[in-house]
Amino acid sequence: MKFSTFHLFYRFDGQSFKDVYDYHLELIELAEELGFDGVRLAEHHFRDYGVVPNLFAMLAHAAARTTRLRLGTGVAVLPLHDPIHVAEEAAQVDVLSGGRLDLGIGRGYQSAEFEGFGIDLAEARDRFNEALEVIVGLWTREAYRHEGKFYRTGAEVSLVPRPLQTPHPPLHVAAVSPETVTMYAERGLPILADPAATFRKVCAAAGTWRETAARAGHPDGAELVVARSVYVAPTLEQARADQERFEASFDRSRIFNERSAPVDPRTGRAAQGFEYYQDRYLKGGSVSAGFRWEQLEVIGDPARVIEQIALLRDAGFTNLLCDFGSTRPMPLEEMKRVMRFFAAEVMPAFRRSS
């Protein structure tokens with residue numbers, strides 16, 4: 001099992017934008033020091049939910065401050081971008097980092113972001129699939145031309161620079177619904193499973209992906225990534241108490257609301273293609289502490305956390321994307337202690353002995 005850290009870049013009340021950037025860049029440097037395998041950054045627009053609109057600019061900066069970590073997107077929202085720019089900027093980061101880029105991609109879901117860019121959320125899946133075709137085409141062909149429904153090159157073009165990794169940087173597609181998992185497994189595209197889906201759903205997704213990919217003739221060994229909220233404390237009692245403290249200090253409706261939900265503004269219901277997520281974001285994230293403890297979060301003392309991670313590994317995941325507190329207003333030194341404790345007490349259980 002590999003371990004990566006996730007960085008939403010949520011801006012809490014009283015923080016400047018630079019405060020947010022400095023906080024997470026320090027944690028990225030610590031992740032390298034502690035032996036984590038990679039980091040992934042989230043893209044968001046128009047509100048404090050996440051204040052990194054350009055993932056590749058931030059990853060290029062992180063590349064200059066690290067030497068070993070894999071540098072990933074989690075995820076780049078393809079329908080909000082010209083795929084030619086994504087292919088170029090990702091290739092540039094891959095070169096600058098010495099071939100350390102991992103490209104996590106998704107179709108997005110936040111209605112406010114799509115409205116801000118003037119893009120119909122119902123087109124998200126079709127735009128995503130076409131954008132992915134363009135990106136891979138530019139990465140893998142010396143000369144490439146595309147004339148599609150949403151995107152066009154206008155002429156035959158050659159990508160400059162080209163990615164350092166061959167045939168291209170690893171791709172991971174955000175997916176957990178059975179339809180989406182099956183679609184990309186048939187193409188051999190590994191998944192990045194949703195942190196808001198239960199253990200049962202993500203484990204089922206991994207099983208579906210591996211079975212479908214095998215039937216389609218893809219070789220075994222693909223890296224499947226699962227994102228989870230992660231917290232480990234010395235005792236179960238402290239972990240439970242800390243969870244209650246985190247929840248009491250944060251208004252969850254700031255994340256789970258109509259602006260975040262995949263809602264068609266014309267109907268007030270889930271946009272076409274997002275029926276699987278019909279109510280998740282409209283319920284205000286109102287799930288109990290017990291539900292999060294049992295079904296959503298990797299949380300507890302080291303023994304319990306190791307058991308939960310082993311469950312994910314045995315289901316077929318090979319990289320745990322750890323969100324140690326994107327929405328927890330945790331002072332930097334406390335967050336560093338959490339990461340250090342996890343690295344010392346949990347990660348060694350999943351490292352091969354020499």
# chains A, B, ... in the order shown; residues from 1 in each chain; ligands from 1
>>> residues_around(residues="Arg215 (chain A)", least_positions_apart="5", cutoff="12 Å", atoms="only C-alpha atoms", output="list in words")
Thr182, Ala185, Glu186, Arg187, Gly188, Thr208, Trp209, Arg210 and Asp220 of chain A
>>> write_last_selection(atoms="all heavy atoms", output="mmCIF file, in the first residue's frame")
data_model
loop_
_atom_site.group_PDB
_atom_site.id
_atom_site.type_symbol
_atom_site.label_atom_id
_atom_site.label_comp_id
_atom_site.auth_asym_id
_atom_site.auth_seq_id
_atom_site.Cartn_x
_atom_site.Cartn_y
_atom_site.Cartn_z
ATOM 1 N N THR A 182 -17.247 0.832 -14.388
ATOM 2 C CA THR A 182 -17.221 -0.149 -15.475
ATOM 3 C C THR A 182 -16.732 0.486 -16.777
ATOM 4 O O THR A 182 -15.915 -0.098 -17.505
ATOM 5 C CB THR A 182 -18.626 -0.752 -15.670
ATOM 6 O OG1 THR A 182 -19.010 -1.411 -14.461
ATOM 7 C CG2 THR A 182 -18.636 -1.738 -16.815
ATOM 8 N N ALA A 185 -12.964 0.993 -16.461
ATOM 9 C CA ALA A 185 -12.257 -0.287 -16.326
ATOM 10 C C ALA A 185 -12.126 -0.974 -17.676
ATOM 11 O O ALA A 185 -11.104 -1.596 -17.982
ATOM 12 C CB ALA A 185 -12.993 -1.198 -15.343
ATOM 13 N N GLU A 186 -13.146 -0.871 -18.523
ATOM 14 C CA GLU A 186 -13.089 -1.475 -19.858
ATOM 15 C C GLU A 186 -11.965 -0.866 -20.689
ATOM 16 O O GLU A 186 -11.414 -1.511 -21.568
ATOM 17 C CB GLU A 186 -14.435 -1.300 -20.561
ATOM 18 C CG GLU A 186 -15.534 -2.186 -19.963
ATOM 19 C CD GLU A 186 -16.900 -1.894 -20.546
ATOM 20 O OE1 GLU A 186 -17.061 -0.832 -21.202
ATOM 21 O OE2 GLU A 186 -17.813 -2.724 -20.335
ATOM 22 N N ARG A 187 -11.602 0.374 -20.366
ATOM 23 C CA ARG A 187 -10.510 1.046 -21.073
ATOM 24 C C ARG A 187 -9.178 0.901 -20.339
ATOM 25 O O ARG A 187 -8.159 1.405 -20.804
ATOM 26 C CB ARG A 187 -10.845 2.531 -21.235
ATOM 27 C CG ARG A 187 -12.109 2.791 -22.049
ATOM 28 C CD ARG A 187 -12.463 4.258 -22.096
ATOM 29 N NE ARG A 187 -11.393 5.075 -22.657
ATOM 30 C CZ ARG A 187 -11.460 6.406 -22.796
ATOM 31 N NH1 ARG A 187 -12.556 7.048 -22.398
ATOM 32 N NH2 ARG A 187 -10.456 7.077 -23.304
ATOM 33 N N GLY A 188 -9.210 0.256 -19.167
ATOM 34 C CA GLY A 188 -7.983 0.082 -18.401
ATOM 35 C C GLY A 188 -7.528 1.330 -17.680
ATOM 36 O O GLY A 188 -6.366 1.429 -17.292
ATOM 37 N N THR A 208 -15.332 -4.300 -8.837
ATOM 38 C CA THR A 208 -15.903 -4.154 -10.182
ATOM 39 C C THR A 208 -14.828 -3.753 -11.177
ATOM 40 O O THR A 208 -14.768 -4.275 -12.301
ATOM 41 C CB THR A 208 -17.024 -3.096 -10.164
ATOM 42 O OG1 THR A 208 -18.073 -3.552 -9.302
ATOM 43 C CG2 THR A 208 -17.570 -2.855 -11.569
ATOM 44 N N TRP A 209 -13.971 -2.808 -10.763
ATOM 45 C CA TRP A 209 -12.930 -2.348 -11.680
ATOM 46 C C TRP A 209 -12.004 -3.499 -12.056
ATOM 47 O O TRP A 209 -11.737 -3.724 -13.246
ATOM 48 C CB TRP A 209 -12.113 -1.213 -11.059
ATOM 49 C CG TRP A 209 -11.251 -0.536 -12.081
ATOM 50 C CD1 TRP A 209 -11.568 0.576 -12.788
ATOM 51 C CD2 TRP A 209 -9.964 -0.968 -12.565
ATOM 52 N NE1 TRP A 209 -10.553 0.889 -13.673
ATOM 53 C CE2 TRP A 209 -9.568 -0.044 -13.558
ATOM 54 C CE3 TRP A 209 -9.130 -2.026 -12.260
ATOM 55 C CZ2 TRP A 209 -8.354 -0.165 -14.250
ATOM 56 C CZ3 TRP A 209 -7.918 -2.148 -12.941
ATOM 57 C CH2 TRP A 209 -7.538 -1.234 -13.910
ATOM 58 N N ARG A 210 -11.498 -4.218 -11.089
ATOM 59 C CA ARG A 210 -10.520 -5.273 -11.388
ATOM 60 C C ARG A 210 -11.147 -6.405 -12.188
ATOM 61 O O ARG A 210 -10.523 -6.928 -13.118
ATOM 62 C CB ARG A 210 -9.882 -5.775 -10.096
ATOM 63 C CG ARG A 210 -9.031 -4.688 -9.412
ATOM 64 C CD ARG A 210 -7.918 -5.251 -8.569
ATOM 65 N NE ARG A 210 -7.125 -4.182 -7.948
ATOM 66 C CZ ARG A 210 -6.093 -3.579 -8.512
ATOM 67 N NH1 ARG A 210 -5.709 -3.912 -9.734
ATOM 68 N NH2 ARG A 210 -5.425 -2.623 -7.873
ATOM 69 N N ASP A 220 -2.964 -7.152 -14.990
ATOM 70 C CA ASP A 220 -3.133 -6.876 -13.574
ATOM 71 C C ASP A 220 -2.037 -5.914 -13.113
ATOM 72 O O ASP A 220 -1.031 -5.732 -13.795
ATOM 73 C CB ASP A 220 -3.070 -8.184 -12.784
ATOM 74 C CG ASP A 220 -3.596 -8.026 -11.367
ATOM 75 O OD1 ASP A 220 -4.285 -7.029 -11.110
ATOM 76 O OD2 ASP A 220 -3.313 -8.906 -10.529
#
>>> residues_around(residues="region 12-19 of chain A", least_positions_apart="3", cutoff="7 Å", atoms="only C-alpha atoms", output="JSON, numbers by chain")
{"A": [22, 23, 329]}
>>> write_last_selection(atoms="C-alpha atoms", output="CSV table (one decimal), in the first residue's frame")
chain,number,residue,atom,x,y,z
A,22,ASP,CA,1.9,28.4,3.1
A,23,TYR,CA,0.1,26.0,5.4
A,329,PRO,CA,-9.4,24.2,11.5
>>> closest_atom_pairs(of="region 159-250 of chain A", to="region 6-11 of chain A", cutoff="10 Å", atoms="only C-alpha atoms", output="tab-separated table")
residue	atom	partner	partner_atom	distance
A:Ala227	CA	A:Phe6	CA	8.0
A:Arg228	CA	A:Phe6	CA	9.1
A:Ser229	CA	A:Phe6	CA	9.2
>>> closest_residue(among="A:Ala239, A:Ala349, A:Ala64, A:Leu80", to="Val298 (chain A)", atoms="only C-alpha atoms")
A:Ala239
>>> closest_residue(among="A:Arg40, A:Arg351, A:His45, A:Lys149", to="Phe114 (chain A)", atoms="only C-alpha atoms")
A:His45
>>> closest_residue(among="A:Ala60, A:Leu96, A:Ala205, A:Leu25", to="Glu179 (chain A)", atoms="only C-alpha atoms")
A:Ala205
>>> residues_around(residues="Pro302 (chain A)", least_positions_apart="6", cutoff="7 Å", atoms="only C-alpha atoms", output="compact mmCIF listing (two decimals) with N, CA and C atoms, in the first residue's frame")
# COMPACT_ATOMS: atom_id res chain seq x y z
N VAL A 232 -5.69 9.40 13.21
CA VAL A 232 -5.25 8.37 14.15
C VAL A 232 -4.78 9.05 15.42
N PRO A 234 -3.65 8.13 19.79
CA PRO A 234 -3.09 7.04 20.60
C PRO A 234 -4.13 6.06 21.13
N GLU A 345 3.28 5.17 13.30
CA GLU A 345 2.52 4.08 13.92
C GLU A 345 1.71 3.24 12.94
N VAL A 346 1.45 3.76 11.75
CA VAL A 346 0.57 3.05 10.80
C VAL A 346 1.32 2.62 9.54
>>> residues_around(residues="region 313-326 of chain A", least_positions_apart="4", cutoff="6 Å", atoms="only C-alpha atoms", output="PyMOL selection string")
chain A and resi 1-6+8+203+206+223-230
>>> write_last_selection(atoms="N, CA, C and O atoms", output="PDB file, in the first residue's frame")
ATOM      1  N   MET A   1       0.844  -1.195   0.000  1.00  0.00           N
ATOM      2  CA  MET A   1       0.000   0.000   0.000  1.00  0.00           C
ATOM      3  C   MET A   1       0.876   1.242   0.000  1.00  0.00           C
ATOM      4  O   MET A   1       1.807   1.368   0.797  1.00  0.00           O
ATOM      5  N   LYS A   2       0.564   2.172  -0.904  1.00  0.00           N
ATOM      6  CA  LYS A   2       1.214   3.471  -0.915  1.00  0.00           C
ATOM      7  C   LYS A   2       0.334   4.464  -0.153  1.00  0.00           C
ATOM      8  O   LYS A   2      -0.876   4.261  -0.003  1.00  0.00           O
ATOM      9  N   PHE A   3       0.953   5.550   0.294  1.00  0.00           N
ATOM     10  CA  PHE A   3       0.235   6.565   1.046  1.00  0.00           C
ATOM     11  C   PHE A   3       0.520   7.944   0.458  1.00  0.00           C
ATOM     12  O   PHE A   3       1.683   8.313   0.248  1.00  0.00           O
ATOM     13  N   SER A   4      -0.550   8.682   0.204  1.00  0.00           N
ATOM     14  CA  SER A   4      -0.440  10.043  -0.313  1.00  0.00           C
ATOM     15  C   SER A   4      -1.263  10.961   0.577  1.00  0.00           C
ATOM     16  O   SER A   4      -2.156  10.507   1.302  1.00  0.00           O
ATOM     17  N   THR A   5      -0.982  12.250   0.520  1.00  0.00           N
ATOM     18  CA  THR A   5      -1.766  13.215   1.282  1.00  0.00           C
ATOM     19  C   THR A   5      -2.590  14.068   0.332  1.00  0.00           C
ATOM     20  O   THR A   5      -2.160  14.390  -0.779  1.00  0.00           O
ATOM     21  N   PHE A   6      -3.786  14.424   0.784  1.00  0.00           N
ATOM     22  CA  PHE A   6      -4.719  15.212  -0.019  1.00  0.00           C
ATOM     23  C   PHE A   6      -4.802  16.625   0.547  1.00  0.00           C
ATOM     24  O   PHE A   6      -4.859  16.823   1.761  1.00  0.00           O
ATOM     25  N   LEU A   8      -7.016  20.086   0.014  1.00  0.00           N
ATOM     26  CA  LEU A   8      -8.144  20.806  -0.567  1.00  0.00           C
ATOM     27  C   LEU A   8      -7.862  22.301  -0.686  1.00  0.00           C
ATOM     28  O   LEU A   8      -8.398  22.971  -1.559  1.00  0.00           O
ATOM     29  N   CYS A 203     -15.186  -0.380  -1.799  1.00  0.00           N
ATOM     30  CA  CYS A 203     -14.663  -1.748  -1.952  1.00  0.00           C
ATOM     31  C   CYS A 203     -15.345  -2.450  -3.116  1.00  0.00           C
ATOM     32  O   CYS A 203     -14.702  -3.168  -3.888  1.00  0.00           O
ATOM     33  N   ALA A 206     -13.794  -1.144  -6.341  1.00  0.00           N
ATOM     34  CA  ALA A 206     -12.499  -1.751  -6.658  1.00  0.00           C
ATOM     35  C   ALA A 206     -12.678  -3.138  -7.243  1.00  0.00           C
ATOM     36  O   ALA A 206     -12.008  -3.514  -8.218  1.00  0.00           O
ATOM     37  N   GLU A 223      -2.677   0.651 -10.406  1.00  0.00           N
ATOM     38  CA  GLU A 223      -2.776   1.306  -9.103  1.00  0.00           C
ATOM     39  C   GLU A 223      -4.142   1.965  -8.962  1.00  0.00           C
ATOM     40  O   GLU A 223      -4.458   2.925  -9.668  1.00  0.00           O
ATOM     41  N   LEU A 224      -4.956   1.450  -8.049  1.00  0.00           N
ATOM     42  CA  LEU A 224      -6.245   2.053  -7.739  1.00  0.00           C
ATOM     43  C   LEU A 224      -6.087   2.892  -6.482  1.00  0.00           C
ATOM     44  O   LEU A 224      -5.501   2.457  -5.488  1.00  0.00           O
ATOM     45  N   VAL A 225      -6.623   4.104  -6.525  1.00  0.00           N
ATOM     46  CA  VAL A 225      -6.478   5.062  -5.425  1.00  0.00           C
ATOM     47  C   VAL A 225      -7.811   5.218  -4.714  1.00  0.00           C
ATOM     48  O   VAL A 225      -8.860   5.330  -5.364  1.00  0.00           O
ATOM     49  N   VAL A 226      -7.786   5.233  -3.388  1.00  0.00           N
ATOM     50  CA  VAL A 226      -9.000   5.487  -2.613  1.00  0.00           C
ATOM     51  C   VAL A 226      -8.736   6.654  -1.672  1.00  0.00           C
ATOM     52  O   VAL A 226      -7.732   6.682  -0.967  1.00  0.00           O
ATOM     53  N   ALA A 227      -9.616   7.633  -1.701  1.00  0.00           N
ATOM     54  CA  ALA A 227      -9.499   8.804  -0.835  1.00  0.00           C
ATOM     55  C   ALA A 227     -10.362   8.603   0.405  1.00  0.00           C
ATOM     56  O   ALA A 227     -11.516   8.169   0.304  1.00  0.00           O
ATOM     57  N   ARG A 228      -9.793   8.925   1.551  1.00  0.00           N
ATOM     58  CA  ARG A 228     -10.496   8.801   2.826  1.00  0.00           C
ATOM     59  C   ARG A 228     -10.110   9.957   3.743  1.00  0.00           C
ATOM     60  O   ARG A 228      -8.975  10.435   3.717  1.00  0.00           O
ATOM     61  N   SER A 229     -11.044  10.361   4.594  1.00  0.00           N
ATOM     62  CA  SER A 229     -10.689  11.189   5.726  1.00  0.00           C
ATOM     63  C   SER A 229      -9.973  10.293   6.724  1.00  0.00           C
ATOM     64  O   SER A 229     -10.453   9.197   7.043  1.00  0.00           O
ATOM     65  N   VAL A 230      -8.805  10.727   7.195  1.00  0.00           N
ATOM     66  CA  VAL A 230      -7.945   9.883   8.032  1.00  0.00           C
ATOM     67  C   VAL A 230      -7.576  10.625   9.313  1.00  0.00           C
ATOM     68  O   VAL A 230      -7.188  11.798   9.272  1.00  0.00           O
TER      69      VAL A 230
END
>>> residues_around(residues="Val93 (chain A)", least_positions_apart="2", cutoff="12 Å", atoms="only C-alpha atoms", output="VMD selection string")
chain A and resid 55 to 64 70 to 73 86 to 91 95 to 103 161 to 165 169
>>> write_last_selection(atoms="N, CA, C and O atoms", output="compact mmCIF listing (two decimals), in the first residue's frame")
# COMPACT_ATOMS: atom_id res chain seq x y z
N LEU A 55 -4.09 24.11 -10.82
CA LEU A 55 -3.34 23.04 -10.17
C LEU A 55 -1.90 22.97 -10.66
O LEU A 55 -0.99 22.69 -9.88
N PHE A 56 -1.69 23.20 -11.92
CA PHE A 56 -0.35 22.99 -12.49
C PHE A 56 0.63 24.06 -12.03
O PHE A 56 1.82 23.79 -11.85
N ALA A 57 0.14 25.29 -11.80
CA ALA A 57 1.01 26.32 -11.23
C ALA A 57 1.46 25.92 -9.83
O ALA A 57 2.64 26.04 -9.47
N MET A 58 0.52 25.42 -9.01
CA MET A 58 0.87 25.02 -7.66
C MET A 58 1.77 23.79 -7.66
O MET A 58 2.71 23.70 -6.86
N LEU A 59 1.51 22.83 -8.54
CA LEU A 59 2.36 21.64 -8.59
C LEU A 59 3.77 21.98 -9.07
O LEU A 59 4.75 21.37 -8.61
N ALA A 60 3.90 22.93 -9.98
CA ALA A 60 5.23 23.34 -10.41
C ALA A 60 6.00 23.95 -9.25
O ALA A 60 7.20 23.71 -9.08
N HIS A 61 5.30 24.72 -8.43
CA HIS A 61 5.94 25.30 -7.24
C HIS A 61 6.33 24.19 -6.27
O HIS A 61 7.45 24.19 -5.72
N ALA A 62 5.43 23.22 -6.06
CA ALA A 62 5.73 22.10 -5.16
C ALA A 62 6.90 21.27 -5.69
O ALA A 62 7.69 20.72 -4.92
N ALA A 63 7.01 21.17 -7.01
CA ALA A 63 8.10 20.39 -7.60
C ALA A 63 9.45 20.98 -7.22
O ALA A 63 10.43 20.25 -7.02
N ALA A 64 9.51 22.32 -7.11
CA ALA A 64 10.77 22.98 -6.77
C ALA A 64 11.12 22.82 -5.30
O ALA A 64 12.26 23.05 -4.91
N ARG A 70 5.61 11.93 -5.50
CA ARG A 70 4.75 12.03 -6.67
C ARG A 70 3.85 13.24 -6.48
O ARG A 70 3.36 13.51 -5.38
N LEU A 71 3.61 13.98 -7.54
CA LEU A 71 2.84 15.21 -7.48
C LEU A 71 1.59 15.03 -8.32
O LEU A 71 1.67 14.86 -9.54
N GLY A 72 0.42 15.07 -7.67
CA GLY A 72 -0.79 14.70 -8.38
C GLY A 72 -1.92 15.69 -8.27
O GLY A 72 -1.96 16.55 -7.39
N THR A 73 -2.85 15.56 -9.18
CA THR A 73 -4.10 16.31 -9.15
C THR A 73 -5.17 15.39 -8.59
O THR A 73 -5.20 14.20 -8.88
N VAL A 86 -4.52 21.74 -20.83
CA VAL A 86 -4.26 20.73 -19.80
C VAL A 86 -3.09 19.84 -20.23
O VAL A 86 -2.18 19.57 -19.44
N ALA A 87 -3.11 19.39 -21.47
CA ALA A 87 -2.03 18.52 -21.96
C ALA A 87 -0.69 19.24 -21.90
O ALA A 87 0.32 18.65 -21.50
N GLU A 88 -0.66 20.52 -22.31
CA GLU A 88 0.59 21.28 -22.30
C GLU A 88 1.10 21.51 -20.87
O GLU A 88 2.27 21.28 -20.56
N GLU A 89 0.21 21.99 -20.01
CA GLU A 89 0.63 22.35 -18.66
C GLU A 89 1.04 21.12 -17.86
O GLU A 89 2.01 21.15 -17.09
N ALA A 90 0.30 20.03 -18.02
CA ALA A 90 0.66 18.79 -17.34
C ALA A 90 2.01 18.28 -17.82
O ALA A 90 2.84 17.84 -17.01
N ALA A 91 2.25 18.34 -19.12
CA ALA A 91 3.54 17.90 -19.66
C ALA A 91 4.67 18.76 -19.11
O ALA A 91 5.75 18.25 -18.76
N VAL A 95 7.91 17.46 -16.84
CA VAL A 95 9.32 17.71 -17.16
C VAL A 95 10.02 18.40 -15.99
O VAL A 95 11.10 17.99 -15.55
N LEU A 96 9.39 19.46 -15.46
CA LEU A 96 10.00 20.21 -14.37
C LEU A 96 10.24 19.35 -13.14
O LEU A 96 11.22 19.54 -12.41
N SER A 97 9.36 18.39 -12.88
CA SER A 97 9.44 17.57 -11.67
C SER A 97 10.31 16.34 -11.85
O SER A 97 10.47 15.55 -10.91
N GLY A 98 10.85 16.15 -13.04
CA GLY A 98 11.63 14.94 -13.28
C GLY A 98 10.78 13.70 -13.45
O GLY A 98 11.19 12.60 -13.10
N GLY A 99 9.57 13.89 -13.99
CA GLY A 99 8.70 12.74 -14.25
C GLY A 99 7.93 12.27 -13.03
O GLY A 99 7.72 11.08 -12.84
N ARG A 100 7.46 13.23 -12.21
CA ARG A 100 6.75 12.86 -10.97
C ARG A 100 5.27 13.16 -11.00
O ARG A 100 4.58 13.04 -9.97
N LEU A 101 4.71 13.51 -12.14
CA LEU A 101 3.30 13.90 -12.19
C LEU A 101 2.37 12.69 -12.26
O LEU A 101 2.60 11.75 -13.03
N ASP A 102 1.30 12.72 -11.47
CA ASP A 102 0.15 11.81 -11.58
C ASP A 102 -1.06 12.67 -11.88
O ASP A 102 -1.36 13.60 -11.12
N LEU A 103 -1.77 12.37 -12.96
CA LEU A 103 -2.91 13.19 -13.35
C LEU A 103 -4.22 12.51 -12.96
O LEU A 103 -4.65 11.56 -13.61
N PRO A 161 6.06 21.25 -24.44
CA PRO A 161 6.94 20.07 -24.39
C PRO A 161 6.13 18.79 -24.33
O PRO A 161 4.92 18.83 -24.10
N ARG A 162 6.79 17.68 -24.51
CA ARG A 162 6.15 16.39 -24.34
C ARG A 162 6.42 15.88 -22.93
O ARG A 162 7.44 16.22 -22.32
N PRO A 163 5.53 15.06 -22.37
CA PRO A 163 5.77 14.55 -21.02
C PRO A 163 7.06 13.75 -20.94
O PRO A 163 7.48 13.13 -21.93
N LEU A 164 7.67 13.77 -19.78
CA LEU A 164 8.87 12.99 -19.57
C LEU A 164 8.55 11.50 -19.42
O LEU A 164 9.29 10.65 -19.92
N GLN A 165 7.45 11.18 -18.74
CA GLN A 165 7.06 9.79 -18.55
C GLN A 165 6.47 9.23 -19.84
O GLN A 165 5.80 9.95 -20.58
N PRO A 169 2.09 10.53 -18.33
CA PRO A 169 1.90 10.43 -16.88
C PRO A 169 0.73 9.52 -16.54
O PRO A 169 -0.26 9.46 -17.29
>>> closest_residue(among="A:Met330, A:Ala112, A:Ala303, A:Ala196", to="Tyr49 (chain A)", atoms="only C-alpha atoms")
A:Ala112
>>> select_by_dssp(residues="region 27-139 of chain A", states="strand (DSSP E)", output="ChimeraX atom specification")
/A:38-41,70-73,76-77,101-106
>>> select_by_dssp(residues="region 54-220 of chain A", states="helix (DSSP H, G or I)", output="ChimeraX atom specification")
/A:55-65,78-80,83-96,111-117,121-140,178-185,199-215
>>> closest_residue(among="A:Gly35, A:Thr67, A:Leu236, A:Ala222", to="Arg340 (chain A)", atoms="only C-alpha atoms")
A:Gly35
>>> residues_around(residues="Arg200 (chain A)", least_positions_apart="4", cutoff="12 Å", atoms="only C-alpha atoms", output="ChimeraX atom specification")
/A:176,193-196,204-207,294-297,308,311-312,315
>>> write_last_selection(atoms="all heavy atoms", output="compact mmCIF listing (two decimals), in the first residue's frame")
# COMPACT_ATOMS: atom_id res chain seq x y z
N VAL A 176 -16.88 6.23 -8.65
CA VAL A 176 -17.33 5.25 -7.65
C VAL A 176 -18.66 4.62 -8.07
O VAL A 176 -18.95 3.50 -7.67
CB VAL A 176 -17.43 5.89 -6.24
CG1 VAL A 176 -18.65 6.79 -6.12
CG2 VAL A 176 -17.44 4.83 -5.16
N ALA A 193 -11.23 6.65 -6.02
CA ALA A 193 -12.54 6.49 -5.39
C ALA A 193 -12.83 7.62 -4.41
O ALA A 193 -11.97 8.08 -3.68
CB ALA A 193 -12.64 5.13 -4.71
N ASP A 194 -14.07 8.00 -4.38
CA ASP A 194 -14.62 9.16 -3.68
C ASP A 194 -14.54 9.03 -2.16
O ASP A 194 -14.97 8.03 -1.60
CB ASP A 194 -16.09 9.27 -4.11
CG ASP A 194 -16.74 10.57 -3.73
OD1 ASP A 194 -16.32 11.17 -2.75
OD2 ASP A 194 -17.69 10.97 -4.43
N PRO A 195 -14.06 10.08 -1.45
CA PRO A 195 -14.02 10.03 0.01
C PRO A 195 -15.39 10.10 0.66
O PRO A 195 -15.53 9.78 1.84
CB PRO A 195 -13.17 11.25 0.38
CG PRO A 195 -13.38 12.20 -0.75
CD PRO A 195 -13.49 11.34 -1.97
N ALA A 196 -16.42 10.53 -0.07
CA ALA A 196 -17.75 10.64 0.51
C ALA A 196 -18.58 9.37 0.31
O ALA A 196 -19.73 9.30 0.75
CB ALA A 196 -18.49 11.83 -0.09
N ALA A 204 -16.66 -2.22 -3.26
CA ALA A 204 -17.37 -2.79 -4.40
C ALA A 204 -16.85 -2.21 -5.71
O ALA A 204 -16.71 -2.93 -6.71
CB ALA A 204 -18.87 -2.52 -4.27
N ALA A 205 -16.53 -0.91 -5.71
CA ALA A 205 -15.99 -0.27 -6.91
C ALA A 205 -14.66 -0.88 -7.32
O ALA A 205 -14.41 -1.14 -8.51
CB ALA A 205 -15.85 1.23 -6.69
N ALA A 206 -13.79 -1.14 -6.34
CA ALA A 206 -12.50 -1.75 -6.66
C ALA A 206 -12.68 -3.14 -7.24
O ALA A 206 -12.01 -3.51 -8.22
CB ALA A 206 -11.63 -1.82 -5.40
N GLY A 207 -13.59 -3.91 -6.65
CA GLY A 207 -13.85 -5.25 -7.18
C GLY A 207 -14.39 -5.21 -8.60
O GLY A 207 -13.95 -5.98 -9.46
N GLU A 294 -18.04 4.41 11.52
CA GLU A 294 -18.14 3.03 11.05
C GLU A 294 -18.02 2.87 9.54
O GLU A 294 -17.52 1.85 9.06
CB GLU A 294 -19.48 2.42 11.50
CG GLU A 294 -19.62 2.26 13.00
CD GLU A 294 -18.63 1.27 13.58
OE1 GLU A 294 -18.12 0.41 12.82
OE2 GLU A 294 -18.36 1.34 14.80
N GLN A 295 -18.46 3.87 8.77
CA GLN A 295 -18.62 3.64 7.34
C GLN A 295 -17.87 4.59 6.41
O GLN A 295 -17.78 4.31 5.22
CB GLN A 295 -20.12 3.68 6.98
CG GLN A 295 -20.93 2.64 7.71
CD GLN A 295 -22.34 2.53 7.18
OE1 GLN A 295 -22.54 2.43 5.96
NE2 GLN A 295 -23.32 2.54 8.06
N LEU A 296 -17.37 5.70 6.94
CA LEU A 296 -16.76 6.68 6.04
C LEU A 296 -15.29 6.94 6.29
O LEU A 296 -14.50 7.03 5.34
CB LEU A 296 -17.50 8.02 6.15
CG LEU A 296 -18.82 8.17 5.41
CD1 LEU A 296 -19.37 9.58 5.62
CD2 LEU A 296 -18.65 7.89 3.93
N GLU A 297 -14.89 7.09 7.56
CA GLU A 297 -13.56 7.59 7.86
C GLU A 297 -12.61 6.48 8.31
O GLU A 297 -13.02 5.52 8.95
CB GLU A 297 -13.64 8.66 8.95
CG GLU A 297 -14.50 9.85 8.55
CD GLU A 297 -14.53 10.95 9.60
OE1 GLU A 297 -13.82 10.81 10.63
OE2 GLU A 297 -15.25 11.94 9.40
N GLN A 308 -8.55 -1.02 9.15
CA GLN A 308 -9.36 -0.41 8.10
C GLN A 308 -8.59 -0.30 6.79
O GLN A 308 -9.14 -0.55 5.71
CB GLN A 308 -9.83 0.98 8.56
CG GLN A 308 -10.87 0.96 9.66
CD GLN A 308 -11.22 2.37 10.10
OE1 GLN A 308 -10.35 3.16 10.48
NE2 GLN A 308 -12.49 2.70 10.03
N LEU A 311 -8.39 -3.55 5.05
CA LEU A 311 -9.64 -3.85 4.34
C LEU A 311 -9.64 -3.23 2.94
O LEU A 311 -10.01 -3.89 1.96
CB LEU A 311 -10.82 -3.31 5.16
CG LEU A 311 -12.20 -3.39 4.51
CD1 LEU A 311 -12.70 -4.83 4.50
CD2 LEU A 311 -13.20 -2.51 5.26
N LEU A 312 -9.19 -1.99 2.85
CA LEU A 312 -9.13 -1.32 1.55
C LEU A 312 -8.10 -1.98 0.65
O LEU A 312 -8.33 -2.18 -0.55
CB LEU A 312 -8.80 0.16 1.75
CG LEU A 312 -9.85 0.97 2.50
CD1 LEU A 312 -9.28 2.34 2.89
CD2 LEU A 312 -11.12 1.15 1.67
N ALA A 315 -9.37 -5.18 -0.71
CA ALA A 315 -10.42 -4.98 -1.71
C ALA A 315 -9.83 -4.68 -3.09
O ALA A 315 -10.54 -4.76 -4.09
CB ALA A 315 -11.35 -3.83 -1.29
>>> atom_distance(atom1="CA of Arg107 (chain A)", atom2="CA of Val39 (chain A)")
20.4 Å
>>> atom_distance(atom1="CA of Gly106 (chain A)", atom2="CA of Pro79 (chain A)")
8.3 Å
